[in-house]
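Take a look at the structure set out below.
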Amino acid sequence: MAEDPRPDAALTGLEGVPHTGEAIGADGLLVEPQAEDFRSARLAPREPGWFKGAVFYEVLVRAFTDSNGDGTGDLRGLASRLDYLEWLGVDCLWLPPFYASPLRDGGYDISDFRSVLPEFGTVEDFVYLLDEAHRRGIRVITDLVLNHTSDAHPWFQQSRSDPDGPYGDYYVWSDDDSKYPDARIIFVDTETSNWTYDPVRGQFFWHRFFSHQPDLNYENPDVQEAMLDTLRFWLDLGIDGFRLDAVPYLFEQEGTNCENLPRTHDFLKRCRKVVDDEYPGRVLLAEANQWPSDVVEYFGNAEVGGDECHMAFHFPLMPRIFMAVRRESRFPISEILAQTPQIPDGCQWGIFLRNHDELTLEMVTDEERDYMYAEYAKDPRMKANIGIRRRLAPLLENDRNQQELFTAMLLSLPGSPVLYYGDEIGMGDNIWLGDRDAVRTPMQWTPDRNAGFSSCDPGRIYLPVIMDPVYGYQGLNVEAQLNNQSSLLNWTRRMIEVRKQHHAFAEGDFTDLGGSNPSVLAYRRRWCRPDGQEDIVVCVNNLSRFPQPVELDLSEHIGSRPVELTGGVRFPTVGELPYLLTLPGHGFYWFQLAEVGDEGEAR
Amino acid sequence: MSTEMNPRTNTDPRALVDEVVAELPGWLPAQRWFGGKDRPVTGVRALRTTVLSEADPVLVHLVVEVSQPDRREPYQLLVSDTVDNHDATGDPELAGRLLDLLADGATVDGLAFEHEPDVELNKGLRARPITAEQSNTSLVFGSQYILKLFRKLTLGENPDLVLQRALHRVGCDHIARPLGSITGRLNGEVTTVGMLQQFLPDAVDGWAMATTSVRDLMAEGDLHADEVGGDFAGEAQRLGQAVATVHADLERALGTQHADADDIDKTVRAMTARLDSVVAAVPELRPYVPALREAFEAARDTPGAIAIQHIHGDLHLGQVLRTVHGWLLIDFEGEPGAPIAERTALRSPLRDVAGMLRSFDYAAHQLLVGQPEDHQLAVRALEWSRRNRAAFTEGYAEAAASSVGDPRERGYLLRAFELDKAVYEVSYEHANRPEWLTVPLSSIARITGEGKR
């Protein structure tokens with residue numbers, strides 16, 4: 001078969017829209033779309049540190065709303081739901097990749113950093129979404145994969161066919177597969193080596209993930225510049241930041257496991273400098289699935305308040321929350337928080353209960369992992385790689401009290417909460433769908449055709465809507481829950497609202513209050529307001545399914561009065577003795593500690 | 001003692017002491033920590049009076065001798081003129097002065113308040129008594145420190161202080177750091193009256209942890225102990241490691257010896273003697289006597305040398321704390337009520353292992369006590385106990401010093417110690433909680449019925 005000489009030959013569906021590699025300049029460089037070619041979105045209000053108090057919402061463009069009836073959600077469809085997200089109290093959307101991609105890894109195999117996956121729309125559609133979001137005070141961040149590209153990316157096509165050209169050194173090529181033997185293989189289910197032979201170039205290329213995702217060669221200064229320009233492209237259009245995917249793996253070095261290398265951190269500092277100098281107020285969020293004491297490295301130098309990523313996900317917390325409730329013991333959570341180091345002033349954790357990936361078990365010990373499997377995956381179909389594909393509601397056997405307890409902890413533990421689309425209405429999953437699709441079914445808006453997600457022929461939809469008797473869209477949908485004041489949706493919205501009234505939830509320091517009862521997790525968040533006043537919130541969570549008493553040592557606050565935050569009910573004043581509370585099974589309280597005296601006289 | 005309607009502030013300390021001493025015979029028997037409730041109090045006299053504050057209000061540290069038929073024992077009190085019943089340990093500010101004295105390293109009239117070397121204490125914290133305490137009174141200062149005031153005093157240095165200091169010296173991670181002590185001379189001997197330690201506000205005692213797990217299992221109809229969410233085996237295993245580590249640290253700090261034939265003979269005879277005296281009072285024990293005797297005698301056959309050393313001496317789930325940094329052991333006083341010579345004697349660490357194994361049995365069965373017989377729950381309790389005893393022993397074996405080794409390799413000895421402890425429990429329950437008698441009795445039936453391991 002004769003090889004197509006065009007560098008964009010492997011890109012599909014981009015005819016007629018600007019994309020990388022439509023032409024090659026005289027210098028041999030690929031012509032790439034520029035931000036100036038497009039309209040830019042209005043910017044979100046300037047507010048440094050906004051991310052520290054923000055409620056994030058992870059939404060899959062494909063799964064939210066289909067605007068053109070082709071069965072697949074798109075950017076315009078998502079834009080049409082911004083009123084709902086604003087009503088819910090969402091501050092920032094996190095969109096997994098919507099770039100051009102052969103979709104062999106859920107879009108994380110990017111074939112052109114500067115164009116949008118055609119079924120989602122165009123760059124113009126993205127700018128429209130961004131503009132509409134900013135108009136409502138909602139920010140948008142998206143995933144950016146720094147480590148690798150799809151093998152369909154014109155850079156890789158050039159690199160393999162023209163080793164001496166400007167892209168010849170864009171990837172990590174080698175004559176044999178013997179280098180870096182200490183780097184582990186991440187996708188053990190599908191890959192046998194981190195090297196794959198390319199018959200076109202006649203060399204092996206390096207890949208930490210799938211063999212269709214060659215790693216970029218960060219030793220090459222041109223690659224570093226090209227990726228910084230990729231950041232600039234979207235930042236110029238107005239995007240509010242990036243979740244940087246798979247950051248620990250950028251550089252390779254013989255004799256190491258090729259993770260978390262110093263030069264990887266150096267490059268992140270360069271990215272941060274671009275943001276700080278040219279785009280202040282935008283954020284970088286690290287996806288580094290590591291133990292917290294290692295993840296803090298990705299915040300950078302604490303003395304300057306952090307000079308790498310502004311945020312990082314706290315991965316081990318999530319499985320510990322699940323384990324603590326199953327064990328009816330606060331220690332799994334208390335331990336991991338006690339092991340979590342302080343982070344620089346300008347930084348924040350991102351915490352979550354569920355996301356588009358599996359319940360991550362990489363970071364728990366073998367014993368705990370076996371336990372988590374036993375508890376949550378009684379059906380072997382629920383397991384995938386190292387993880388479990390379930391949504392929050394089915395994981396909790398649709399128990400409303402537990403869903404509320406988990407959400408209350410998500411909204412009150414230290415870090416910015418990241419909600420996963422659909423969990424606010426308690427959506428179910430479909431374990432009969434392959435791979436990770438179980439938790440990526442269409443958002444359920446109404447009891448109408450396709451759950452109001454799309455007007456297409458139901459056979460054309462990208463994944464079937466959930467139709468089982470418990471989680472089916474006929475009964476479980478946004479419209480029904482909007483009309484029901486006691487719905488999970490209205491409850492979630494109310495809790496987000498309460499959270500926002502107290503900045504202690506966002507930036508308050510965290511103290512585990514311990515207590516006499518191992519089934520009760522109690523903690524204090526204390527925030528010193530700029531005016532010197534303290535905002536103190538105390539959260540008490542019953543991890544047991546049985547009612548529990550707890551005696552809390554609030555002796556530091558003798559004379560204050562706990563005021564329950566959702567109803568404003570004033571509880572008895574804190575006295576000399578330990579403060580006694582009783583909680584129903586899986587119950588929780590949020591209190592503000594108020595100075596006595598600022599309450600009205602009874603009449 | 002009378003309740004003061006109007007606090008007085010001009011009492012003379014001597015007058016206060018006279019008043020207190022006069023009222024004590026009526027007041028003492030109502031105190032939880034008073035160890036002589038079995039006999040009338042025939043007399044009380046002041047042994048040692050230390051005026052900590054002359055006036056506004058008066059605060060006196062007082063050691064009294066309590067006379068009872070065939071018994072005279074010293075007790076410690078902290079008294080003031082301004083509080084109900086004169087007991088100043090319940091007053092946050094008055095009791096808080098003890099901390100200030102400790103921080104200053106003060107000596108008042110021979111009563112020495114000392115902090116440990118390299119320790120600097122915060123002053124001015126209010127004191128809160130812990131209500132759960134049995135035989136002593138413990139005061140918590142601002143969630144930072146805990147001061148244990150030994151109520152019934154033992155002449156000499158208290159083993160609790162001696163052992164924990166030794167453990168701290170060798171860097172043991174499984175104790176709360178000792179921070180200070182209060183000592184005074186009593187009958188010419190330097191005697192520990194109080195001990196200050198780091199307070200761990202996040203701690204939960206092992207009994208609460210274990211019974212939470214048992215409750216979880218009992219609430220499940222069909223799941224086994226290894227299937228329920230509240231499974232405790234992981235904790236039990238880590239607890240076993242902690243106990244073994246403490247034993248190894250005690251050995252490092254204070255040494256170890258080998259028991260000779262005479263020691264072993266004495267031990268076996270003591271166990272048999274206890275059996276004889278208990279069975280005389282509790283006829284329900286009679287059917288097991290031959291098997292028990294045999295088990296005690298079998299302890300002589302344990303192969304190899306038996307290491308003896310300082311041990312905890314009264315180890316059970318209520319003497320361990322779970323914190324976010326793992327398990328801690330507390331209260332190294334030895335078995336309360338036992339003579340001091342016995343409490344400080346070198347013994348096999350397997351005594352502590354046996355004590356903990358007994359405690360797992362108690363935790364498993366505590367929900368069944370006083371309930372109508374339920375075969376299903378009884379099976380579940382046994383299942384929980386087996387699983388967690390095995391996990392504890394496994395953890396102990398993993399971390400045990402070579403001198404002690406895997407307890408399972410000394411099955412005869414461990415079994416004898418456990419049965420001896422159970423015989424003691426029979427006598428205790430018979431006297432105090434007849435409903436609970438079934439717990440040790442059923443354990444004895446099971447262990448002796450299972451034959452020799």
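Just so we're on the same page: first chain in the structure tokens is A, next is B, and so on; residues restart at 1 for each chain, and ligands are numbered from 1 in the order they show up.
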Neighbour list for range 416-430 of chain B as a list in words, cut-off 8 Å, only C-alpha atoms, skip fewer than 4 positions in-chain: Met271, Arg274, Leu275, Val278, Ala281, Val282, Leu292, Ala295, Phe296, Ala298, Ala299, Leu350, Arg351, Ala354, Gly355, Leu357, Arg358, Tyr412, Pro434, Glu435, Trp436, Leu437, Pro440, Leu441, Ser443, Ile444 and Ile447 of chain B
Those residues you just picked out, can you put them in a file as a PDB file, in the first residue's frame with N, CA and C atoms?
```
ATOM      1  N   MET B 271      -1.200 -21.344  89.954  1.00  0.00           N
ATOM      2  CA  MET B 271      -2.405 -21.501  89.129  1.00  0.00           C
ATOM      3  C   MET B 271      -3.330 -22.553  89.743  1.00  0.00           C
ATOM      4  N   ARG B 274      -4.991 -21.197  92.859  1.00  0.00           N
ATOM      5  CA  ARG B 274      -6.100 -20.298  92.535  1.00  0.00           C
ATOM      6  C   ARG B 274      -7.326 -21.117  92.152  1.00  0.00           C
ATOM      7  N   LEU B 275      -7.106 -22.155  91.358  1.00  0.00           N
ATOM      8  CA  LEU B 275      -8.216 -23.017  90.955  1.00  0.00           C
ATOM      9  C   LEU B 275      -8.922 -23.600  92.178  1.00  0.00           C
ATOM     10  N   VAL B 278     -10.987 -20.963  93.958  1.00  0.00           N
ATOM     11  CA  VAL B 278     -12.156 -20.493  93.204  1.00  0.00           C
ATOM     12  C   VAL B 278     -13.236 -21.572  93.166  1.00  0.00           C
ATOM     13  N   ALA B 281     -15.645 -21.747  95.946  1.00  0.00           N
ATOM     14  CA  ALA B 281     -16.712 -20.760  96.004  1.00  0.00           C
ATOM     15  C   ALA B 281     -17.698 -20.901  94.841  1.00  0.00           C
ATOM     16  N   VAL B 282     -17.223 -21.422  93.721  1.00  0.00           N
ATOM     17  CA  VAL B 282     -18.061 -21.476  92.520  1.00  0.00           C
ATOM     18  C   VAL B 282     -18.208 -22.923  92.060  1.00  0.00           C
ATOM     19  N   LEU B 292      -8.584 -28.736  83.885  1.00  0.00           N
ATOM     20  CA  LEU B 292      -7.804 -27.541  84.200  1.00  0.00           C
ATOM     21  C   LEU B 292      -6.469 -27.914  84.854  1.00  0.00           C
ATOM     22  N   ALA B 295      -4.188 -29.161  82.333  1.00  0.00           N
ATOM     23  CA  ALA B 295      -3.651 -28.084  81.489  1.00  0.00           C
ATOM     24  C   ALA B 295      -2.553 -27.312  82.221  1.00  0.00           C
ATOM     25  N   PHE B 296      -2.760 -27.065  83.510  1.00  0.00           N
ATOM     26  CA  PHE B 296      -1.733 -26.337  84.270  1.00  0.00           C
ATOM     27  C   PHE B 296      -0.463 -27.170  84.370  1.00  0.00           C
ATOM     28  N   ALA B 298       0.510 -29.370  82.321  1.00  0.00           N
ATOM     29  CA  ALA B 298       1.129 -29.484  80.994  1.00  0.00           C
ATOM     30  C   ALA B 298       2.062 -28.312  80.708  1.00  0.00           C
ATOM     31  N   ALA B 299       1.855 -27.199  81.416  1.00  0.00           N
ATOM     32  CA  ALA B 299       2.716 -26.041  81.200  1.00  0.00           C
ATOM     33  C   ALA B 299       4.163 -26.346  81.554  1.00  0.00           C
ATOM     34  N   LEU B 350       3.811 -14.068  77.462  1.00  0.00           N
ATOM     35  CA  LEU B 350       2.597 -14.778  77.032  1.00  0.00           C
ATOM     36  C   LEU B 350       1.433 -14.534  77.984  1.00  0.00           C
ATOM     37  N   ARG B 351       1.740 -14.067  79.196  1.00  0.00           N
ATOM     38  CA  ARG B 351       0.655 -13.652  80.098  1.00  0.00           C
ATOM     39  C   ARG B 351      -0.177 -12.543  79.460  1.00  0.00           C
ATOM     40  N   ALA B 354      -2.167 -13.934  76.579  1.00  0.00           N
ATOM     41  CA  ALA B 354      -3.330 -14.668  77.089  1.00  0.00           C
ATOM     42  C   ALA B 354      -4.417 -13.699  77.542  1.00  0.00           C
ATOM     43  N   GLY B 355      -4.006 -12.617  78.199  1.00  0.00           N
ATOM     44  CA  GLY B 355      -4.979 -11.631  78.662  1.00  0.00           C
ATOM     45  C   GLY B 355      -5.752 -11.033  77.492  1.00  0.00           C
ATOM     46  N   LEU B 357      -6.188 -12.437  74.538  1.00  0.00           N
ATOM     47  CA  LEU B 357      -7.052 -13.465  73.943  1.00  0.00           C
ATOM     48  C   LEU B 357      -8.353 -13.590  74.739  1.00  0.00           C
ATOM     49  N   ARG B 358      -8.235 -13.526  76.056  1.00  0.00           N
ATOM     50  CA  ARG B 358      -9.434 -13.563  76.888  1.00  0.00           C
ATOM     51  C   ARG B 358     -10.344 -12.376  76.575  1.00  0.00           C
ATOM     52  N   TYR B 412       1.018 -24.990  74.953  1.00  0.00           N
ATOM     53  CA  TYR B 412       0.670 -25.481  76.300  1.00  0.00           C
ATOM     54  C   TYR B 412       0.688 -24.343  77.320  1.00  0.00           C
ATOM     55  N   PRO B 434     -22.754 -11.866  88.353  1.00  0.00           N
ATOM     56  CA  PRO B 434     -23.101 -13.279  88.128  1.00  0.00           C
ATOM     57  C   PRO B 434     -23.609 -13.573  86.719  1.00  0.00           C
ATOM     58  N   GLU B 435     -24.255 -12.583  86.096  1.00  0.00           N
ATOM     59  CA  GLU B 435     -24.758 -12.812  84.737  1.00  0.00           C
ATOM     60  C   GLU B 435     -23.649 -13.131  83.748  1.00  0.00           C
ATOM     61  N   TRP B 436     -22.466 -12.579  84.030  1.00  0.00           N
ATOM     62  CA  TRP B 436     -21.352 -12.729  83.090  1.00  0.00           C
ATOM     63  C   TRP B 436     -20.586 -14.040  83.308  1.00  0.00           C
ATOM     64  N   LEU B 437     -20.962 -14.777  84.332  1.00  0.00           N
ATOM     65  CA  LEU B 437     -20.218 -15.989  84.661  1.00  0.00           C
ATOM     66  C   LEU B 437     -20.136 -16.935  83.464  1.00  0.00           C
ATOM     67  N   PRO B 440     -16.604 -16.648  81.016  1.00  0.00           N
ATOM     68  CA  PRO B 440     -15.406 -17.461  81.267  1.00  0.00           C
ATOM     69  C   PRO B 440     -15.707 -18.953  81.331  1.00  0.00           C
ATOM     70  N   LEU B 441     -16.868 -19.310  81.859  1.00  0.00           N
ATOM     71  CA  LEU B 441     -17.161 -20.750  81.968  1.00  0.00           C
ATOM     72  C   LEU B 441     -17.252 -21.411  80.596  1.00  0.00           C
ATOM     73  N   SER B 443     -15.830 -20.396  77.916  1.00  0.00           N
ATOM     74  CA  SER B 443     -14.484 -20.430  77.338  1.00  0.00           C
ATOM     75  C   SER B 443     -13.698 -21.605  77.902  1.00  0.00           C
ATOM     76  N   ILE B 444     -13.821 -21.808  79.223  1.00  0.00           N
ATOM     77  CA  ILE B 444     -13.098 -22.917  79.847  1.00  0.00           C
ATOM     78  C   ILE B 444     -13.589 -24.242  79.259  1.00  0.00           C
ATOM     79  N   ILE B 447     -12.104 -24.445  75.667  1.00  0.00           N
ATOM     80  CA  ILE B 447     -10.654 -24.656  75.571  1.00  0.00           C
ATOM     81  C   ILE B 447     -10.274 -26.050  76.084  1.00  0.00           C
TER      82      ILE B 447
END
```
Chain B contacts to chain A at 10 Å (only C-alpha atoms) as a ChimeraX atom specification: /B:92,126-130,141-143,200-206,208-210,212-213,215-216,219,226-232,234,322-326
Close residues, range 184-194 of chain A itself excluded, 6 Å, only C-alpha atoms, min 5 positions apart in chain, as a ChimeraX atom specification: /A:206-208
Within 9 Å of range 435-452 of chain A using only C-alpha atoms, minus same-chain residues under 3 positions, as a ChimeraX atom specification: /A:60,62-65,72-73,355-358,382,384,389-391,421-422,425,427-432,455-458,461-466,472-480
With N, CA and C atoms retained, write the just-selected residues as a short mmCIF file (atom, residue, chain, number, x, y, z; two decimals), in the first residue's frame.
```
data_model
loop_
_atom_site.label_atom_id
_atom_site.label_comp_id
_atom_site.auth_asym_id
_atom_site.auth_seq_id
_atom_site.Cartn_x
_atom_site.Cartn_y
_atom_site.Cartn_z
N LEU A 60 -19.02 14.87 30.98
CA LEU A 60 -18.56 14.35 29.70
C LEU A 60 -19.39 15.00 28.61
N ARG A 62 -19.89 14.18 25.66
CA ARG A 62 -20.64 13.15 24.94
C ARG A 62 -21.93 12.77 25.66
N ALA A 63 -21.92 12.90 26.99
CA ALA A 63 -23.00 12.30 27.78
C ALA A 63 -24.05 13.31 28.23
N PHE A 64 -23.84 14.60 27.96
CA PHE A 64 -24.69 15.57 28.64
C PHE A 64 -25.94 15.93 27.83
N THR A 65 -25.73 16.50 26.65
CA THR A 65 -26.89 16.84 25.82
C THR A 65 -26.48 16.89 24.34
N THR A 72 -25.11 11.85 19.88
CA THR A 72 -23.92 12.07 20.70
C THR A 72 -23.99 13.48 21.29
N GLY A 73 -23.70 13.60 22.56
CA GLY A 73 -23.69 14.91 23.19
C GLY A 73 -22.62 15.79 22.57
N ASN A 355 -15.44 9.45 39.61
CA ASN A 355 -15.23 10.18 38.37
C ASN A 355 -15.36 9.21 37.22
N HIS A 356 -14.94 9.64 36.05
CA HIS A 356 -15.19 8.82 34.86
C HIS A 356 -14.34 7.56 34.86
N ASP A 357 -13.27 7.56 35.65
CA ASP A 357 -12.45 6.37 35.76
C ASP A 357 -12.98 5.49 36.88
N GLU A 358 -12.30 4.39 37.10
CA GLU A 358 -12.76 3.47 38.11
C GLU A 358 -12.39 4.01 39.49
N MET A 382 -17.97 -6.14 37.50
CA MET A 382 -17.78 -4.77 37.99
C MET A 382 -16.31 -4.41 38.11
N ALA A 384 -12.54 -3.81 36.61
CA ALA A 384 -11.83 -3.51 35.38
C ALA A 384 -10.44 -3.04 35.75
N ARG A 389 -16.13 -0.33 38.30
CA ARG A 389 -16.95 0.61 37.53
C ARG A 389 -18.34 0.70 38.10
N ARG A 390 -18.53 1.57 39.04
CA ARG A 390 -19.87 1.80 39.55
C ARG A 390 -20.05 3.29 39.78
N ARG A 391 -21.31 3.70 39.71
CA ARG A 391 -21.63 5.06 40.13
C ARG A 391 -21.88 5.07 41.64
N TYR A 421 -21.00 14.15 36.95
CA TYR A 421 -22.32 14.42 36.37
C TYR A 421 -23.28 13.27 36.67
N GLY A 422 -24.50 13.60 37.02
CA GLY A 422 -25.51 12.57 37.26
C GLY A 422 -25.58 12.11 38.70
N ILE A 425 -28.32 13.52 40.94
CA ILE A 425 -29.68 12.95 40.93
C ILE A 425 -29.65 11.47 41.30
N MET A 427 -27.93 8.98 39.73
CA MET A 427 -28.03 8.13 38.54
C MET A 427 -27.40 6.76 38.76
N GLY A 428 -27.90 5.77 38.03
CA GLY A 428 -27.35 4.42 38.10
C GLY A 428 -26.33 4.18 37.00
N ASP A 429 -25.85 2.95 36.93
CA ASP A 429 -24.88 2.60 35.90
C ASP A 429 -25.37 1.38 35.15
N ASN A 430 -24.63 0.99 34.13
CA ASN A 430 -25.00 -0.17 33.33
C ASN A 430 -23.78 -1.05 33.18
N ILE A 431 -23.69 -2.03 34.07
CA ILE A 431 -22.44 -2.82 34.11
C ILE A 431 -22.31 -3.73 32.90
N TRP A 432 -23.35 -3.81 32.07
CA TRP A 432 -23.26 -4.69 30.89
C TRP A 432 -22.56 -4.00 29.74
N SER A 455 -32.80 14.02 20.59
CA SER A 455 -34.03 13.77 19.85
C SER A 455 -33.84 12.69 18.80
N CYS A 456 -32.70 12.01 18.84
CA CYS A 456 -32.39 11.05 17.78
C CYS A 456 -33.23 9.79 17.91
N ASP A 457 -33.18 8.99 16.88
CA ASP A 457 -33.73 7.64 16.93
C ASP A 457 -33.02 6.91 18.07
N PRO A 458 -33.76 6.31 19.00
CA PRO A 458 -33.09 5.69 20.16
C PRO A 458 -31.99 4.71 19.77
N ILE A 461 -28.32 6.33 19.55
CA ILE A 461 -27.68 6.97 20.69
C ILE A 461 -26.34 6.30 21.01
N TYR A 462 -25.35 7.08 21.50
CA TYR A 462 -23.97 6.55 21.66
C TYR A 462 -23.90 5.43 22.69
N LEU A 463 -24.72 5.55 23.74
CA LEU A 463 -24.87 4.46 24.71
C LEU A 463 -26.33 4.47 25.12
N PRO A 464 -26.90 3.32 25.39
CA PRO A 464 -28.31 3.32 25.79
C PRO A 464 -28.50 4.06 27.12
N VAL A 465 -29.63 4.73 27.25
CA VAL A 465 -29.93 5.35 28.54
C VAL A 465 -30.27 4.23 29.54
N ILE A 466 -30.12 4.56 30.81
CA ILE A 466 -30.41 3.57 31.85
C ILE A 466 -31.93 3.34 31.90
N GLY A 472 -33.96 3.78 36.18
CA GLY A 472 -34.41 4.14 34.85
C GLY A 472 -34.82 5.60 34.75
N TYR A 473 -34.65 6.15 33.51
CA TYR A 473 -34.86 7.59 33.33
C TYR A 473 -36.32 8.00 33.47
N GLN A 474 -37.23 7.01 33.32
CA GLN A 474 -38.64 7.39 33.43
C GLN A 474 -38.95 7.97 34.81
N GLY A 475 -38.31 7.40 35.82
CA GLY A 475 -38.58 7.89 37.17
C GLY A 475 -37.46 8.77 37.70
N LEU A 476 -36.25 8.45 37.28
CA LEU A 476 -35.10 9.16 37.84
C LEU A 476 -34.57 10.13 36.79
N ASN A 477 -34.94 11.39 36.93
CA ASN A 477 -34.45 12.39 35.99
C ASN A 477 -34.50 13.78 36.62
N VAL A 478 -33.82 14.71 35.98
CA VAL A 478 -33.70 16.06 36.54
C VAL A 478 -35.06 16.72 36.70
N GLU A 479 -35.90 16.58 35.66
CA GLU A 479 -37.20 17.26 35.71
C GLU A 479 -38.01 16.80 36.92
N ALA A 480 -38.07 15.50 37.14
CA ALA A 480 -38.85 14.98 38.27
C ALA A 480 -38.27 15.48 39.59
#
```
